[in-house]
$ cat input37.txt   # compact mmCIF, C-alpha atoms and all ligand atoms
# COMPACT_ATOMS: atom_id res chain seq x y z
CA MET A 2 94.83 37.67 50.06
CA ILE A 3 98.57 37.24 49.87
CA GLN A 4 100.56 37.13 53.06
CA ASN A 5 104.12 38.17 53.49
CA THR A 6 105.68 35.48 55.66
CA GLY A 7 109.14 36.03 54.30
CA TYR A 8 111.05 32.91 53.32
CA ARG A 9 114.52 33.82 52.13
CA ILE A 10 115.22 31.80 49.02
CA LEU A 11 118.22 31.26 46.78
CA ALA A 12 116.69 30.73 43.33
CA ILE A 13 118.27 29.43 40.12
CA ASP A 14 117.05 29.41 36.51
CA THR A 15 119.05 27.84 33.67
CA SER A 16 116.08 26.89 31.49
CA CYS A 17 117.25 28.52 28.27
CA ASP A 18 120.00 31.00 27.43
CA GLU A 19 120.19 33.03 30.64
CA THR A 20 122.10 31.87 33.69
CA SER A 21 120.23 33.56 36.50
CA VAL A 22 120.43 33.41 40.28
CA ALA A 23 118.47 35.49 42.77
CA VAL A 24 117.88 35.94 46.45
CA THR A 25 114.27 36.71 47.34
CA GLU A 26 112.43 37.16 50.59
CA SER A 27 108.72 36.55 50.24
CA THR A 28 108.00 38.70 47.17
CA LYS A 29 110.96 41.02 47.72
CA VAL A 30 113.81 40.88 45.26
CA ILE A 31 117.03 41.13 47.27
CA SER A 32 119.25 40.37 44.25
CA ASN A 33 118.56 39.16 40.71
CA VAL A 34 121.67 38.43 38.64
CA ILE A 35 121.23 37.54 34.98
CA TRP A 36 124.10 36.38 32.78
CA SER A 37 122.74 36.50 29.24
CA GLN A 38 124.18 34.20 26.59
CA ALA A 39 122.28 35.94 23.77
CA SER A 40 125.40 37.17 21.99
CA LEU A 41 126.88 33.65 22.05
CA HIS A 42 123.85 32.20 20.25
CA ALA A 43 123.21 35.19 17.95
CA LYS A 44 125.49 33.98 15.18
CA TRP A 45 123.52 30.72 14.99
CA GLY A 46 120.21 32.57 14.76
CA GLY A 47 118.80 30.81 17.82
CA VAL A 48 119.73 28.96 21.01
CA VAL A 49 122.16 26.04 20.55
CA PRO A 50 121.46 23.69 23.53
CA SER A 51 124.99 22.25 23.81
CA LEU A 52 126.52 25.75 23.87
CA ALA A 53 123.92 26.88 26.42
CA LYS A 54 124.75 23.96 28.73
CA ARG A 55 128.48 24.62 28.56
CA GLU A 56 128.06 28.33 29.22
CA HIS A 57 125.71 27.65 32.18
CA GLU A 58 128.31 25.30 33.64
CA GLU A 59 131.08 27.82 33.23
CA ARG A 60 129.13 30.76 34.66
CA ILE A 61 126.87 29.37 37.35
CA ASP A 62 129.23 29.57 40.34
CA TRP A 63 130.14 33.14 39.51
CA VAL A 64 126.46 34.09 39.18
CA ILE A 65 125.57 32.37 42.47
CA ASN A 66 128.33 34.18 44.34
CA LYS A 67 127.30 37.48 42.85
CA ALA A 68 123.65 36.94 43.84
CA LEU A 69 124.59 35.92 47.39
CA GLY A 70 127.05 38.79 47.76
CA THR A 71 128.75 38.85 51.14
CA ARG A 72 126.44 36.11 52.37
CA HIS A 73 127.96 33.50 50.11
CA LYS A 74 130.29 31.78 52.54
CA ALA A 75 127.66 30.25 54.78
CA LEU A 76 124.48 30.95 52.85
CA VAL A 77 123.53 33.19 55.76
CA GLY A 78 119.81 33.34 56.34
CA ILE A 79 118.85 31.24 53.33
CA ASP A 80 115.80 29.06 54.12
CA ALA A 81 115.66 27.02 50.89
CA VAL A 82 117.03 26.64 47.38
CA ALA A 83 114.60 26.85 44.44
CA VAL A 84 115.28 25.87 40.86
CA THR A 85 113.45 25.68 37.56
CA VAL A 86 112.88 22.02 36.64
CA GLY A 87 110.89 22.79 33.46
CA PRO A 88 109.75 23.67 30.93
CA GLY A 89 112.98 24.41 29.10
CA LEU A 90 115.97 22.87 27.34
CA ALA A 91 116.72 19.53 29.00
CA ILE A 92 120.50 19.80 29.15
CA ALA A 93 120.36 23.43 30.24
CA LEU A 94 117.82 22.76 33.03
CA GLU A 95 120.08 19.99 34.30
CA VAL A 96 122.90 22.40 35.13
CA GLY A 97 120.74 24.45 37.53
CA ILE A 98 119.08 21.38 39.03
CA ASN A 99 122.39 19.64 39.77
CA LYS A 100 123.80 22.80 41.29
CA ALA A 101 120.72 23.31 43.50
CA LYS A 102 120.79 19.68 44.62
CA GLY A 103 124.45 19.99 45.58
CA ILE A 104 123.84 23.13 47.65
CA CYS A 105 120.87 21.53 49.42
CA LYS A 106 122.77 18.35 50.26
CA ASN A 107 125.86 20.17 51.49
CA ASN A 108 123.92 22.64 53.61
CA ASN A 109 120.94 20.51 54.61
CA LEU A 110 118.48 22.90 53.02
CA PRO A 111 115.06 22.14 51.54
CA PHE A 112 114.85 22.06 47.72
CA ILE A 113 111.93 23.65 45.87
CA PRO A 114 111.28 22.60 42.27
CA VAL A 115 109.57 25.38 40.30
CA ASN A 116 107.78 25.57 36.96
CA HIS A 117 109.32 28.32 34.82
CA ILE A 118 105.90 29.48 33.58
CA GLU A 119 104.64 29.81 37.16
CA GLY A 120 107.63 32.10 37.67
CA HIS A 121 106.61 34.34 34.74
CA LEU A 122 103.02 34.22 35.95
CA LEU A 123 103.87 35.46 39.45
CA SER A 124 106.57 37.93 38.33
CA PRO A 125 104.14 40.88 38.66
CA LEU A 126 103.99 40.16 42.40
CA ALA A 127 107.67 41.01 42.82
CA THR A 128 108.44 44.04 44.94
CA SER A 129 111.66 45.99 45.28
CA LYS A 130 113.86 45.26 48.28
CA ASN A 131 113.31 48.80 49.53
CA SER A 132 109.54 48.66 49.55
CA LEU A 133 108.02 48.62 53.00
CA HIS A 134 105.21 46.23 52.20
CA THR A 135 104.00 43.89 49.49
CA ILE A 136 101.78 46.26 47.50
CA HIS A 137 99.77 43.34 46.27
CA GLN A 138 98.33 42.38 49.60
CA SER A 139 95.51 44.81 49.11
CA GLN A 140 95.41 44.70 45.33
CA ILE A 141 94.71 41.15 44.35
CA THR A 142 91.59 39.14 44.74
CA PHE A 143 91.40 35.63 43.43
CA PRO A 144 90.41 34.21 41.04
CA THR A 145 92.73 36.07 38.70
CA LEU A 146 93.72 35.75 35.05
CA GLY A 147 97.37 35.20 34.12
CA ILE A 148 99.05 36.00 30.83
CA VAL A 149 102.46 34.69 29.85
CA THR A 150 103.98 35.72 26.51
CA SER A 151 107.56 34.59 26.04
CA GLY A 152 109.84 33.03 23.45
CA GLY A 153 108.42 29.57 24.03
CA HIS A 154 104.96 30.18 25.47
CA THR A 155 101.80 32.14 24.77
CA GLU A 156 99.33 31.21 27.46
CA ILE A 157 96.28 32.65 29.16
CA ILE A 158 95.84 30.96 32.49
CA PHE A 159 93.01 30.90 34.99
CA ILE A 160 94.48 31.36 38.46
CA LYS A 161 92.00 30.05 40.99
CA ASN A 162 94.58 30.74 43.64
CA ILE A 163 98.35 30.85 43.76
CA GLY A 164 99.43 27.29 42.90
CA ASP A 165 96.08 26.36 41.35
CA TYR A 166 96.17 26.98 37.58
CA LYS A 167 94.34 26.02 34.43
CA ILE A 168 95.61 26.94 30.96
CA ILE A 169 92.59 28.23 29.07
CA ALA A 170 94.26 29.38 25.84
CA GLN A 171 97.62 28.47 24.35
CA THR A 172 99.38 28.36 21.02
CA ALA A 173 98.90 25.57 18.51
CA ASP A 174 102.27 26.26 16.91
CA ASP A 175 104.71 29.16 17.36
CA ALA A 176 104.74 31.30 20.50
CA LEU A 177 104.30 35.06 20.16
CA GLY A 178 107.98 35.76 21.00
CA GLU A 179 109.13 33.03 18.63
CA SER A 180 106.98 34.54 15.91
CA LEU A 181 108.47 38.00 16.47
CA ASP A 182 111.97 36.47 16.50
CA LYS A 183 111.33 34.71 13.17
CA ALA A 184 109.97 37.90 11.58
CA ALA A 185 112.98 39.82 12.88
CA ARG A 186 115.31 37.26 11.34
CA LEU A 187 113.50 37.46 7.98
CA LEU A 188 113.89 41.23 8.09
CA GLY A 189 117.58 40.89 8.88
CA PHE A 190 117.60 42.06 12.51
CA GLY A 191 119.39 39.06 14.07
CA TYR A 192 118.57 37.11 17.26
CA PRO A 193 116.74 37.58 19.60
CA GLY A 194 114.64 39.90 17.53
CA GLY A 195 111.56 40.94 19.55
CA GLU A 196 113.18 43.96 21.13
CA ILE A 197 114.77 45.27 17.93
CA LEU A 198 111.58 44.61 15.97
CA GLU A 199 109.77 46.81 18.50
CA LYS A 200 112.33 49.59 17.99
CA ILE A 201 112.23 49.48 14.20
CA ALA A 202 108.42 49.11 14.09
CA LYS A 203 108.21 52.55 15.76
CA GLU A 204 109.65 54.07 12.58
CA GLY A 205 107.07 52.41 10.32
CA GLY A 206 103.37 52.42 9.58
CA SER A 207 101.39 49.44 10.86
CA ASP A 208 98.76 49.65 8.11
CA ILE A 209 101.05 49.82 5.07
CA TYR A 210 101.13 46.08 4.40
CA ASP A 211 98.18 43.80 4.56
CA LEU A 212 98.95 40.71 6.61
CA PRO A 213 96.21 38.27 7.66
CA ILE A 214 95.01 38.31 11.27
CA PRO A 215 95.33 34.69 12.45
CA MET A 216 92.18 32.87 13.66
CA LEU A 217 90.00 35.85 12.84
CA GLY A 218 86.50 35.25 14.20
CA ARG A 219 87.56 31.89 15.65
CA GLU A 220 88.66 33.18 19.05
CA LYS A 221 86.24 30.91 20.87
CA GLU A 222 88.40 27.95 19.81
CA MET A 223 90.82 29.27 22.43
CA TYR A 224 94.12 28.80 20.75
CA PHE A 225 96.69 31.03 19.13
CA SER A 226 98.35 30.24 15.84
CA TYR A 227 101.32 32.25 14.64
CA SER A 228 102.98 30.05 12.01
CA GLY A 229 100.69 31.21 9.15
CA LEU A 230 101.54 34.83 9.84
CA LYS A 231 105.24 34.11 9.43
CA THR A 232 104.52 32.30 6.13
CA ALA A 233 102.50 35.33 4.96
CA LEU A 234 105.49 37.56 5.70
CA VAL A 235 107.81 35.24 3.73
CA ARG A 236 105.38 35.41 0.80
CA LEU A 237 105.10 39.18 1.02
CA ILE A 238 108.89 39.62 1.04
CA ASN A 239 109.19 37.25 -1.95
CA THR A 240 106.53 39.17 -3.88
CA LEU A 241 108.35 42.44 -3.22
CA ASP A 242 111.59 40.75 -4.34
CA GLU A 243 110.03 39.45 -7.55
CA LYS A 244 108.90 42.94 -8.40
CA GLY A 245 112.60 43.78 -8.29
CA LYS A 246 111.95 46.16 -5.44
CA GLU A 247 114.98 46.92 -3.30
CA LEU A 248 113.63 47.19 0.26
CA SER A 249 114.44 50.58 1.70
CA LYS A 250 114.86 51.27 5.43
CA LYS A 251 111.37 52.70 5.39
CA ASP A 252 109.94 49.55 3.73
CA ILE A 253 111.59 47.37 6.37
CA ALA A 254 110.18 49.55 9.15
CA ASN A 255 106.72 49.34 7.57
CA LEU A 256 107.00 45.55 7.33
CA ALA A 257 108.13 45.34 10.98
CA ALA A 258 105.28 47.59 12.15
CA SER A 259 102.66 45.75 10.08
CA TYR A 260 103.83 42.35 11.33
CA GLN A 261 104.01 43.35 14.98
CA ASN A 262 100.60 44.97 14.76
CA VAL A 263 98.88 41.88 13.36
CA ALA A 264 100.69 39.57 15.81
CA PHE A 265 99.41 41.72 18.71
CA ILE A 266 95.88 42.08 17.26
CA HIS A 267 95.62 38.28 17.22
CA PHE A 268 96.65 38.15 20.87
CA ILE A 269 94.36 40.96 21.95
CA ARG A 270 91.30 39.60 20.11
CA MET A 271 91.60 36.42 22.16
CA LEU A 272 92.07 38.33 25.41
CA ASP A 273 89.10 40.54 24.56
CA TYR A 274 86.95 37.49 23.90
CA ILE A 275 87.94 35.89 27.21
CA LEU A 276 87.28 39.07 29.19
CA LYS A 277 83.98 39.77 27.43
CA VAL A 278 82.63 36.32 28.21
CA ASN A 279 84.43 36.31 31.57
CA ASN A 280 83.25 32.85 32.52
CA TYR A 281 85.81 32.96 35.27
CA ASN A 282 84.65 36.16 36.90
CA VAL A 283 88.15 37.61 37.29
CA LYS A 284 88.84 41.16 38.45
CA THR A 285 92.60 41.23 38.07
CA ILE A 286 95.19 40.18 35.48
CA LEU A 287 98.82 39.24 36.15
CA ALA A 288 100.95 39.60 33.00
CA GLY A 289 104.58 38.55 32.50
CA GLY A 290 107.15 37.04 30.12
CA GLY A 291 109.78 38.46 27.76
CA VAL A 292 107.35 39.84 25.17
CA MET A 293 105.51 41.87 27.85
CA ALA A 294 108.55 44.15 27.85
CA ASN A 295 107.03 45.52 24.63
CA VAL A 296 105.48 48.92 25.39
CA THR A 297 102.89 48.72 22.60
CA LEU A 298 101.70 45.30 23.77
CA ARG A 299 101.38 46.47 27.35
CA LYS A 300 99.45 49.53 26.21
CA ILE A 301 96.85 47.55 24.27
CA ILE A 302 96.50 44.92 26.99
CA ARG A 303 95.98 47.70 29.55
CA LYS A 304 93.35 49.29 27.32
CA THR A 305 91.51 46.01 26.90
CA ALA A 306 91.54 45.35 30.64
CA GLN A 307 90.25 48.86 31.32
CA LYS A 308 87.39 48.33 28.89
CA TYR A 309 86.14 45.54 31.17
CA ASN A 310 87.07 47.33 34.37
CA ILE A 311 89.75 44.81 35.21
CA LYS A 312 92.92 45.71 37.07
CA ILE A 313 96.22 44.65 35.51
CA LEU A 314 99.62 44.16 37.09
CA PHE A 315 102.93 43.96 35.21
CA PRO A 316 106.39 43.34 36.74
CA PHE A 317 107.92 46.47 38.28
CA SER A 318 111.24 46.33 36.41
CA LYS A 319 112.47 45.33 32.97
CA LYS A 320 114.70 42.61 34.44
CA LEU A 321 111.62 40.75 35.66
CA TYR A 322 110.06 40.34 32.19
CA GLY A 323 112.62 38.10 30.50
CA ASP A 324 114.09 35.01 32.09
CA ASN A 325 115.30 35.68 35.61
CA ALA A 326 115.59 33.75 38.86
CA ALA A 327 113.78 36.25 41.11
CA MET A 328 110.45 35.13 39.66
CA ILE A 329 111.42 31.53 40.52
CA GLY A 330 112.15 32.58 44.12
CA ILE A 331 108.76 34.28 44.39
CA ALA A 332 106.90 31.21 43.10
CA ALA A 333 108.99 29.08 45.48
CA ASN A 334 107.97 31.22 48.45
CA TYR A 335 104.35 30.21 47.99
CA LYS A 336 105.32 26.59 47.41
CA TYR A 337 107.21 26.65 50.70
CA GLU A 338 104.12 28.09 52.42
CA ARG A 339 102.12 25.17 51.03
CA GLY A 340 104.76 22.69 52.18
CA GLU A 341 105.75 21.73 48.63
CA ILE A 342 109.41 21.16 49.41
CA ILE A 343 111.79 18.24 48.87
CA LYS A 344 114.02 17.12 51.73
CA PRO A 345 117.74 16.54 51.02
CA GLU A 346 117.31 12.74 51.47
CA ASP A 347 114.66 12.63 48.70
CA LEU A 348 116.64 14.57 46.11
CA ASP A 349 117.78 11.66 43.98
CA LYS A 350 114.36 11.19 42.42
CA ILE A 351 114.20 14.80 41.21
CA ASP A 352 114.87 15.28 37.54
CA ARG A 353 114.32 17.86 34.79
CA ILE A 354 110.85 18.02 33.16
CA PRO A 355 111.50 19.76 29.81
CA ARG A 356 107.81 19.77 28.84
CA ALA A 357 106.33 20.61 32.23
CA LYS A 358 102.90 22.26 32.11
CA VAL A 359 101.96 24.91 34.62
CA ASP A 360 98.60 23.27 35.35
CA LYS A 361 99.98 19.76 35.93
CA PRO A 362 101.86 18.65 39.04
CA PHE A 363 105.46 17.50 38.67
CA VAL A 364 105.68 13.73 38.44
CA TRP A 365 108.89 11.80 39.10
CA GLU A 366 109.10 8.01 38.89
O1 LIG A 401 110.61 35.16 28.77
P1 LIG A 401 111.76 35.13 27.83
O2 LIG A 401 113.00 35.90 28.20
O3 LIG A 401 112.26 33.69 27.52
C1 LIG A 401 111.43 32.58 27.40
O4 LIG A 401 111.00 32.02 28.43
O5 LIG A 401 111.16 32.25 26.22
O6 LIG A 401 111.21 35.68 26.43
C2 LIG A 401 112.04 35.85 25.34
C3 LIG A 401 111.23 36.42 24.21
C4 LIG A 401 111.98 36.45 22.90
O7 LIG A 401 111.18 35.93 21.87
C5 LIG A 401 112.25 37.94 22.70
O8 LIG A 401 112.37 38.33 21.35
C6 LIG A 401 111.02 38.54 23.33
O9 LIG A 401 110.81 37.76 24.49
N1 LIG A 401 111.17 39.96 23.68
C7 LIG A 401 110.42 40.94 23.15
C8 LIG A 401 110.89 42.16 23.72
N2 LIG A 401 111.91 41.87 24.56
C9 LIG A 401 112.06 40.51 24.53
N3 LIG A 401 109.42 40.91 22.27
C10 LIG A 401 108.86 42.07 21.92
N4 LIG A 401 109.24 43.28 22.40
C11 LIG A 401 110.25 43.36 23.30
N5 LIG A 401 110.63 44.55 23.76
ZN ZN A 402 110.89 32.43 30.17
$ encode --input "input37.txt" --output "structure tokens"
Amino acid sequence: MIQNTGYRILAIDTSCDETSVAVTESTKVISNVIWSQASLHAKWGGVVPSLAKREHEERIDWVINKALGTRHKALVGIDAVAVTVGPGLAIALEVGINKAKGICKNNNLPFIPVNHIEGHLLSPLATSKNSLHTIHQSQITFPTLGIVTSGGHTEIIFIKNIGDYKIIAQTADDALGESLDKAARLLGFGYPGGEILEKIAKEGGSDIYDLPIPMLGREKEMYFSYSGLKTALVRLINTLDEKGKELSKKDIANLAASYQNVAFIHFIRMLDYILKVNNYNVKTILAGGGVMANVTLRKIIRKTAQKYNIKILFPFSKKLYGDNAAMIGIAANYKYERGEIIKPEDLDKIDRIPRAKVDKPFVWE
């Protein structure tokens, strides 16, 4: 069972193209400020690391002050500073890490390095600042299954306990969000495309175009593969082009709906396989990450969980799906409880870990 001991944490995430800072207390989100750089990167069709770094540097102090509110002068009541050290873009991660180190040194506060995927994984535990209790205290029994679907990751994770993870299925190539983004770009929707693809797919029929379901019948191999689906879409668009067919709005919506449908079927077939076998004897699922904001995906995941009588928890607000620092603060709370903190005098060894894995401890030389 989860206890609410209530560390107040200033959390920072600069892992990709959002500059985010939050204040959390145990699992409560006191503030969660997100400065999105999406429009800056849109014209390049994806995140440009050097631009991301510069924007993080320019924005971070403003975002920190906004998250701290009136407390900012003396960091009133803050017990520790947490920051994402990986996975993510190296030069972007560095901005948050250096800022967190500076605050810890100047204020003699403990530093908590957090894995970004652990943040997404625990984001369903977040509670609103007005809630009287952590609803999850009575709702979660471990072991639990975790699902993270984001722009860079598609992972199903066995959670033996908070802090004790094993990735049991992951992608061999593109992540689900990346795959939706690529399809959106091919269909002319711009970047990032997952959300707009969802909107346009609602206007189309998901069974109009025949796209191949990846890894069909091979779910027991336990990995996702999305790159072939994107290639199939490229081929389909080319074939329609060769026929001299001008794609109408309706055609585009049908393509979007068909693509999204197959991408989700692939995901759900794997989840169904894992729950059917249920080697891990889980009774609850925690699901987070940017792509979970998709209503259709949540609906089919919920249905699959219900089929096996498994409870599922999603984050309570839209802000907690995509990249945000509150989820980092929540993961850090449990790390603090376990004593996984770095003292100010040991900070020099801490560095970014761009390819950090959620089931491997951080290692610094
Ligand atoms: O978690 P996130 O903000 O960043 C990473 O850690 O990668 O996830 C971003 C991904 C992008 O691929 C974006 O297109 C996708 O989440 N996404 C969505 C939706 N909203 C964001 N995908 C499908 N439907 C949505 N509504
Ligand atoms: Zn993320």
$ residues_near_ligand --input "input37.txt" --ligand "ligand LIG 401 (chain A)" --cutoff "8 Å" --atoms "only C-alpha atoms and all ligand atoms" --output "PyMOL selection string"
chain A and resi 16-17+89+117-118+121+150-154+177-182+192-200+289-296+298+322-325
$ atom_distance --input "input37.txt" --atom1 "atom CA of A:Ala254" --atom2 "atom CA of A:Ile302"
23.0 Å
$ residues_around --input "input37.txt" --residues "A:Ser226" --least-positions-apart "5" --cutoff "9 Å" --atoms "all atoms listed in the file" --output "list in words"
Gln171, Thr172, Ala173, Asp174, Asp175, Ala176, Leu177, Pro215, Met216 and His267 of chain A
$ residues_near_point --input "input37.txt" --point "(83.6, 35.2, 29.2)" --cutoff "12 Å" --atoms "all atoms listed in the file" --output "count of residues only"
20
$ closest_residue --input "input37.txt" --among "A:Ser129, A:Ser318, A:Thr71, A:Thr155" --to "ligand ZN 402 (chain A)" --atoms "only C-alpha atoms and all ligand atoms"
A:Thr155
$ atom_distance --input "input37.txt" --atom1 "atom CA of A:Ala43" --atom2 "atom CA of A:Val263"
25.6 Å
$ atom_distance --input "input37.txt" --atom1 "atom CA of A:Val24" --atom2 "atom CA of A:Leu11"
4.7 Å
$ closest_residue --input "input37.txt" --among "A:Ala91, A:Lys320, A:Ser228, A:Ala184" --to "A:Trp36" --atoms "all atoms listed in the file"
A:Lys320
$ residues_around --input "input37.txt" --residues "A:Asn33" --least-positions-apart "2" --cutoff "8 Å" --atoms "only C-alpha atoms" --output "list in words"
Ser21, Val22, Ala23, Val24, Val30, Ile31, Ile35, Ala68, Asn325, Ala326 and Ala327 of chain A
$ closest_residue --input "input37.txt" --among "A:Glu26, A:Glu247, A:Asp165, A:Glu156" --to "ligand ZN 402 (chain A)" --atoms "all atoms listed in the file"
A:Glu156
$ closest_residue --input "input37.txt" --among "A:Ile209, A:Thr28, A:Gly87, A:Ile331" --to "ligand ZN 402 (chain A)" --atoms "all atoms listed in the file"
A:Gly87
$ closest_residue --input "input37.txt" --among "A:Thr85, A:Gly78, A:Gly189, A:Tyr210" --to "ligand ZN 402 (chain A)" --atoms "only C-alpha atoms and all ligand atoms"
A:Thr85
